[in-house]
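The structure under discussion appears below in the form of C-alpha cells.
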Amino acid sequence: MSFLKRVIVFSAFVLTAVLGEASVAAAQDRLALVIGQGAYRVRALPTAVNDAGLIAQSLTSAGFEVVQGRDLSASDLRSLVRDFLDKVQDLEPGSTVAVYLAGHGVQLEGENYLLPVVARIERDVDVPIEGFRVSDLIRSLERSPAQARVIVADMARDYPLGSSGEPVAKGLALMESPAGFLVAFSSAPNIVAADGQGPYGAYATALAEMIRQPGLPLDEVFARTRLRTHEATNGEQIPWHTANLGNASFAFFEQAEGADRPLVREVRRIEDVPAEEAYAIAVERDTIQGYQDFLRRYPDHRLARRVTALLAARREAVVWRRTLARNTREAYWTYLRHYPNGPHAPDSRRRLARLSAPYAPPAVFDEVVYEDLPPPLPGIERVEVVEVVTVIRDVPPPRMPAYLLPRWDEDEEFVTIIRKPPPLPIMAGVLPIPMPIPVPVRARPPRYFYQPIAPRTPRGPVAIPVAAPPVFGALMGDEGPRPRRGLRPEQPRVPRQPGLAAPVEAIPIMVNPRALRDDRGIRPGEPPRSRASLPSRPIPFPQAGQPANVRPGERPDRDRGPRPDRPDPGPREVRPTAPVRDAGRSPDPRLDAGESLMRQPRPQSPRIEIERERPGRGDVGRDLRIRPEPQAPFAVRPPNTMPQPEERHPRREADLPRPRMEPRMERRDAPAFQPRPMPRMQEAPRQERAFREPPRPMPQPRMQLQQVRPVPGPSGGGRQGGGNAVRCRPGWPCGTEEVR
C-alpha cells in the first residue's frame, strides 16, 4: 500500500512538472524590434525601408509583437530602443526577442554602429559620436528574461566617409555571440554588400522565405538564408552568422499536426562528394575548418581561388577579434606583422597610440599565438588579405544542390507578395506595410497576433491595425487547405493600403511623474515597481481557443481566468481614447516626401462669448433719473495679436477740445461714489496722426509802436492830427517832450 502511494505521489509530481512546462511554453512571448533607415543625406538606400517592412510583416505573421521605426534621427533612435527595452523587461521567462536593423553600418575599432539618417561623419572620430553602437543593445538584452535573442544586422553597405583622419575598415566587424544569442550579418565580415535593384533586397527576401519554413531551428534558418542569398547574388554576397543558443529551442512556425515532416538531410563529408557539392557544403558551414577541408581535397580546382579568398578574409577577421580581446602591445604588433596592409591596420595604430607604444613592431618581441585558431595550410592557404569581391566576380559559383536548398518559388503566396513593391508609408516613422503575409500551409499558426507599434511618429505612439494574416486549414472552417493559386487582394479598407484593416490609432500612455525611475529607492527585498511601457494591441482574429473579450493594453495569454484572490472580472466596456494632437513634423522635408497622412478631423472649438453685463455694475445708478449711457462691448481681438498702445501727443491743455458736459440732476441721498461716463467714449472720434509732431514753440509778443498821444498845451486842450504830436520812444519817459 505504501508503495502504491509513492507511485501516485511521484506521478502527480511528474504531471505537475509537465503541465508547468507546457504552460510556460504556451505563455512564451515574442517581441521584435525592426528599424529601417533609408533616407540618408549622403547616400540614400533604395531597399532598406522596404526590407524592414517585409521582415516586420513576416514576424507579425509568426506571432511577434513588432516595435518599429523608420528614418530616425539620433535622439529618436535612442528613444525607440529605450521604449523597446522597457517592453523587454516585462516579458515572461523563456520568451524570444528578435532585432532587425537595416541601414548604413560603420565599424570602428571592432565596434559596429548604426548611423542615423541625419548623421554628419567627416572623420573617424565622428563615428562613435553620431552612430548607435550595436553592442550596447546586446549588453542590455543580456539582462532580459528572454531565452533566445536574435540580432540581425542588415547594415553591410558602403558608406562614403570623409577624407580627413585615418581610414576605416569597410563592412561590419566580426562579433562573438554571448550566451543565448544569435548574431547574423547580411554579408561576411569586412565585405560590403551591393544594393539591390528590386523592391526588396536579396538578404531580406531570403530571410523572410526561410522564416516561413515550418519546423526549422534558428541555426538552420540562417544557414539556408546564406545559401539562398549566395545563389540570388551569383556568389557576390555571402551572409554570416554565429550562434550560442545552448539548449534553447525555437522555431518561427511549428509543424502542423498531420503534415509531412521535413526530410532529415543526410550529413555528407566534403571529401566524399564532387567539387561543386563540396563547395556548397563549405559555404553552408561557413567556417575556417570547412574551407580548409575543401582546399585539402581540391587544391587545383577553379573554385579553389574563390575559397582561398574567402578563407583569408575570414581568418583576418578572427585574428582581429582575438587581438582586440587580448588588447596588448604584442597583440597589435603581431597583427601588423602578419597584415601590414590589412583592413584593421589603422585601428591597430589607434590602439597603440592609446597604449603609448610605437606603431612599428620592434625587431624582437614575443608574438601572440592563438591556440584555438587552426594554423594556415602550408603552400595552399594565402594569409595576406586580397580584394575578395574582385576574386568572387572572376570565378562564378555553381548551382546549389536541391537537397541543400529547395526551389524558392514553391511558396506561391509569398512569391506573389514580393514581386510587387509595397505601398508608400502612411506617415513618418512607420514602415511600409505590404499585403498580409499568410501563414504557411504546413505550419501551425500562432495563438495570437499583435498589432505593430510605432513609438516615434508625428502623432506620438501609434498602433498599426494591420490585417490579420490569412490562415489555410481547418482553423478557418475549411475541411482542408485552400488551393494554392496565390493571393488575390480584396478591396482595401484604407485607400491604397491593402495591408491595413483600419486607420492608425494613437496609444495613450499613462505616466506617473511621482514614481521613481530605474527602481531607485527600493528597499532590499521589495519587488521592483512596474514600468510605464507601450500597451499591447492584439489583432481580432477568429481562431480556435482564443478568448473573444480581449482588452486593449492586455496580453491575452496572461491573467485571463479567475484567480482565488479575485473573482472573474468578466467583459468590460472599452472606452474610446481621446484624440492626440499632431506633434512637430520632422525637420528634414525629404523624410516625409510622398506620404499620405490620414489625419483625424479636429473637434470644433467652442465659441467665445463675452459677458456684456456684469452683475452689480448697474446697481449704483439704478434709481437715477438720468442713467449713464451703456458702454460699447469690448472688441474680440484675433489670436496672437497684441493691443497697440495709443499714441499721445504733447499738447497743451488749452488746445484739447473740451467735451460738452450736459447738466444732470442728482439726488441728495445718492452715495458719495458716482460712476462717471468716459468722455473718450462720448466724444467724436478724432483722427490720430501716424507720426509724432514736434513740440510747437511758444509765441513771442511782437514789438509794436504805441499810438501817438497828444501833449496838452498851455490852454489845456488837445489837438488831434497835429504836427506837434509827441510820440513815446522805447526807453524814454512818455512825459518828455521832444523838440524838433
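As shown in the C-alpha cells, the chain order sets the letters A, B, ...; within each chain, residues go from 1, and ligands are also counted from 1 in the order they appear.
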
As a compact mmCIF listing (two decimals) with N, CA, C and O atoms, in the first residue's frame, please: the residues near segment 310-323 of chain A (cut-off 7 Å, only C-alpha atoms, same-chain neighbours under 4 positions excluded).
# COMPACT_ATOMS: atom_id res chain seq x y z
N LEU A 174 33.56 41.48 -37.11
CA LEU A 174 33.11 40.20 -36.58
C LEU A 174 32.81 40.32 -35.09
O LEU A 174 33.54 41.00 -34.36
N PRO A 189 32.02 39.38 -42.67
CA PRO A 189 32.74 40.50 -42.02
C PRO A 189 33.75 41.13 -42.97
O PRO A 189 34.45 40.45 -43.74
N ILE A 288 36.27 28.20 -40.85
CA ILE A 288 37.65 28.05 -41.34
C ILE A 288 37.96 26.58 -41.60
O ILE A 288 38.62 26.24 -42.59
N TYR A 291 36.38 25.47 -45.02
CA TYR A 291 37.11 25.95 -46.20
C TYR A 291 38.45 25.22 -46.34
O TYR A 291 38.90 24.93 -47.47
N ARG A 306 38.49 31.04 -55.29
CA ARG A 306 37.41 31.69 -54.56
C ARG A 306 37.45 31.29 -53.08
O ARG A 306 37.32 32.14 -52.19
N ASN A 327 44.25 42.82 -26.33
CA ASN A 327 44.45 44.26 -26.06
C ASN A 327 45.80 44.55 -25.40
O ASN A 327 45.89 45.21 -24.36
N ALA A 331 50.02 42.02 -29.02
CA ALA A 331 48.94 41.54 -29.89
C ALA A 331 48.79 42.43 -31.12
O ALA A 331 48.65 41.93 -32.25
N TYR A 332 48.84 43.75 -30.93
CA TYR A 332 48.71 44.65 -32.08
C TYR A 332 49.95 44.58 -32.97
O TYR A 332 49.85 44.69 -34.20
N ARG A 382 46.58 31.28 -48.50
CA ARG A 382 47.17 32.60 -48.55
C ARG A 382 46.77 33.35 -47.28
O ARG A 382 45.58 33.39 -46.92
N VAL A 383 47.75 33.99 -46.66
CA VAL A 383 47.49 34.70 -45.41
C VAL A 383 47.13 36.16 -45.68
O VAL A 383 46.24 36.73 -45.04
N GLU A 384 47.79 36.78 -46.64
CA GLU A 384 47.53 38.19 -46.94
C GLU A 384 46.14 38.35 -47.53
O GLU A 384 45.72 37.59 -48.41
N VAL A 385 45.42 39.36 -47.05
CA VAL A 385 44.05 39.60 -47.50
C VAL A 385 44.08 40.29 -48.85
O VAL A 385 44.84 41.23 -49.07
N VAL A 388 38.42 40.59 -51.99
CA VAL A 388 37.60 39.39 -52.11
C VAL A 388 36.54 39.56 -53.19
O VAL A 388 36.24 38.63 -53.95

* To do: For Val152 of chain A, work out the shell of residues within 8 Å, counting only C-alpha atoms and skipping chain neighbours fewer than 5 positions away, then give it as a PyMOL selection string.
  => chain A and resi 98-101+183-186

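Closest approach to Arg78 of chain A from the set A:Val42, A:Ala48, A:Ile270, A:Leu137 is made by A:Leu137, with distances taken over only C-alpha atoms.
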
* Write out as a PyMOL selection string the residues lying within 8 Å of Pro503 of chain A, counting only C-alpha atoms and excluding same-chain residues fewer than 3 positions away. => chain A and resi 464-465+494+500+598

Create the file for the chosen residues now, containing N, CA and C atoms and written as a PDB file, in the first residue's frame.
ATOM      1  N   ILE A 464      -0.680  50.123 -35.226  1.00  0.00           N
ATOM      2  CA  ILE A 464      -0.942  49.944 -36.646  1.00  0.00           C
ATOM      3  C   ILE A 464      -1.855  48.735 -36.790  1.00  0.00           C
ATOM      4  N   PRO A 465      -3.129  48.927 -37.041  1.00  0.00           N
ATOM      5  CA  PRO A 465      -4.058  47.789 -37.152  1.00  0.00           C
ATOM      6  C   PRO A 465      -3.911  47.084 -38.498  1.00  0.00           C
ATOM      7  N   VAL A 494      -8.545  50.782 -46.197  1.00  0.00           N
ATOM      8  CA  VAL A 494      -7.890  52.090 -46.221  1.00  0.00           C
ATOM      9  C   VAL A 494      -7.405  52.321 -47.646  1.00  0.00           C
ATOM     10  N   LEU A 500      -3.697  47.278 -44.334  1.00  0.00           N
ATOM     11  CA  LEU A 500      -4.311  47.875 -43.151  1.00  0.00           C
ATOM     12  C   LEU A 500      -5.771  47.472 -43.055  1.00  0.00           C
ATOM     13  N   MET A 598      -3.205  60.265 -43.108  1.00  0.00           N
ATOM     14  CA  MET A 598      -4.639  60.328 -42.846  1.00  0.00           C
ATOM     15  C   MET A 598      -4.844  60.863 -41.444  1.00  0.00           C
TER      16      MET A 598
END

* To do: Find the spatial neighbours of segment 445-453 of chain A, counting only C-alpha atoms, within a cut-off of 9 Å - ignore same-chain residues fewer than 2 positions away - and output them as a count of residues only.
  => 45

Taking 2 positions as the minimum chain separation for residues in the same chain, which residues sit within 7 Å of Gln255 of chain A when counting only C-alpha atoms? Answer as a compact mmCIF listing (two decimals) with N, CA and C atoms, in the first residue's frame.
# COMPACT_ATOMS: atom_id res chain seq x y z
N PRO A 214 8.33 25.79 -41.87
CA PRO A 214 7.92 25.30 -40.54
C PRO A 214 8.89 24.26 -40.01
N GLY A 215 9.11 24.35 -38.71
CA GLY A 215 9.90 23.35 -38.01
C GLY A 215 11.40 23.53 -38.09
N PHE A 253 7.73 28.97 -36.97
CA PHE A 253 6.45 28.30 -37.19
C PHE A 253 6.61 26.84 -36.81
N GLU A 257 -0.08 19.62 -37.16
CA GLU A 257 -0.36 18.21 -36.87
C GLU A 257 -0.88 17.52 -38.13
N ARG A 442 1.73 24.19 -44.30
CA ARG A 442 2.11 23.07 -43.43
C ARG A 442 2.46 23.52 -42.01
N ALA A 443 2.22 24.79 -41.69
CA ALA A 443 2.60 25.33 -40.38
C ALA A 443 1.38 25.50 -39.51
N ARG A 444 1.60 25.45 -38.21
CA ARG A 444 0.56 25.71 -37.23
C ARG A 444 0.59 27.19 -36.88

* **Polymer residues at most 9 Å from Pro239 of chain A, only C-alpha atoms, same-chain spacing of 6 or more positions, as a VMD selection string** => chain A and resid 184 to 189 203 222 to 223 225 to 227 229 to 230

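Across the model, the gap from atom CA of Asp158 of chain A to atom CA of Leu424 of chain A is 25.5 Å.
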
* Distance query segment 390-395 of chain A at most 7 Å, only C-alpha atoms, self and fewer than 5 positions along chain excluded, as a list in words -> Gly235, Glu236, Leu303 and Arg306 of chain A

* Give me, please, the distance in Å between atom CA of Gly246 of chain A and atom CA of Glu284 of chain A, quoted to one decimal. => 20.3 Å

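If only C-alpha atoms are the atoms counted, then among A:Leu59, A:Arg349, A:Thr334, A:Ala282 the closest residue to Tyr370 of chain A is A:Thr334.
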
* Can you list, as number ranges by chain, every residue of segment 308-416 of chain A that DSSP puts in alpha helix (DSSP H)? -> A: 308-326, 329-338, 345-354, 388-394, 412-416
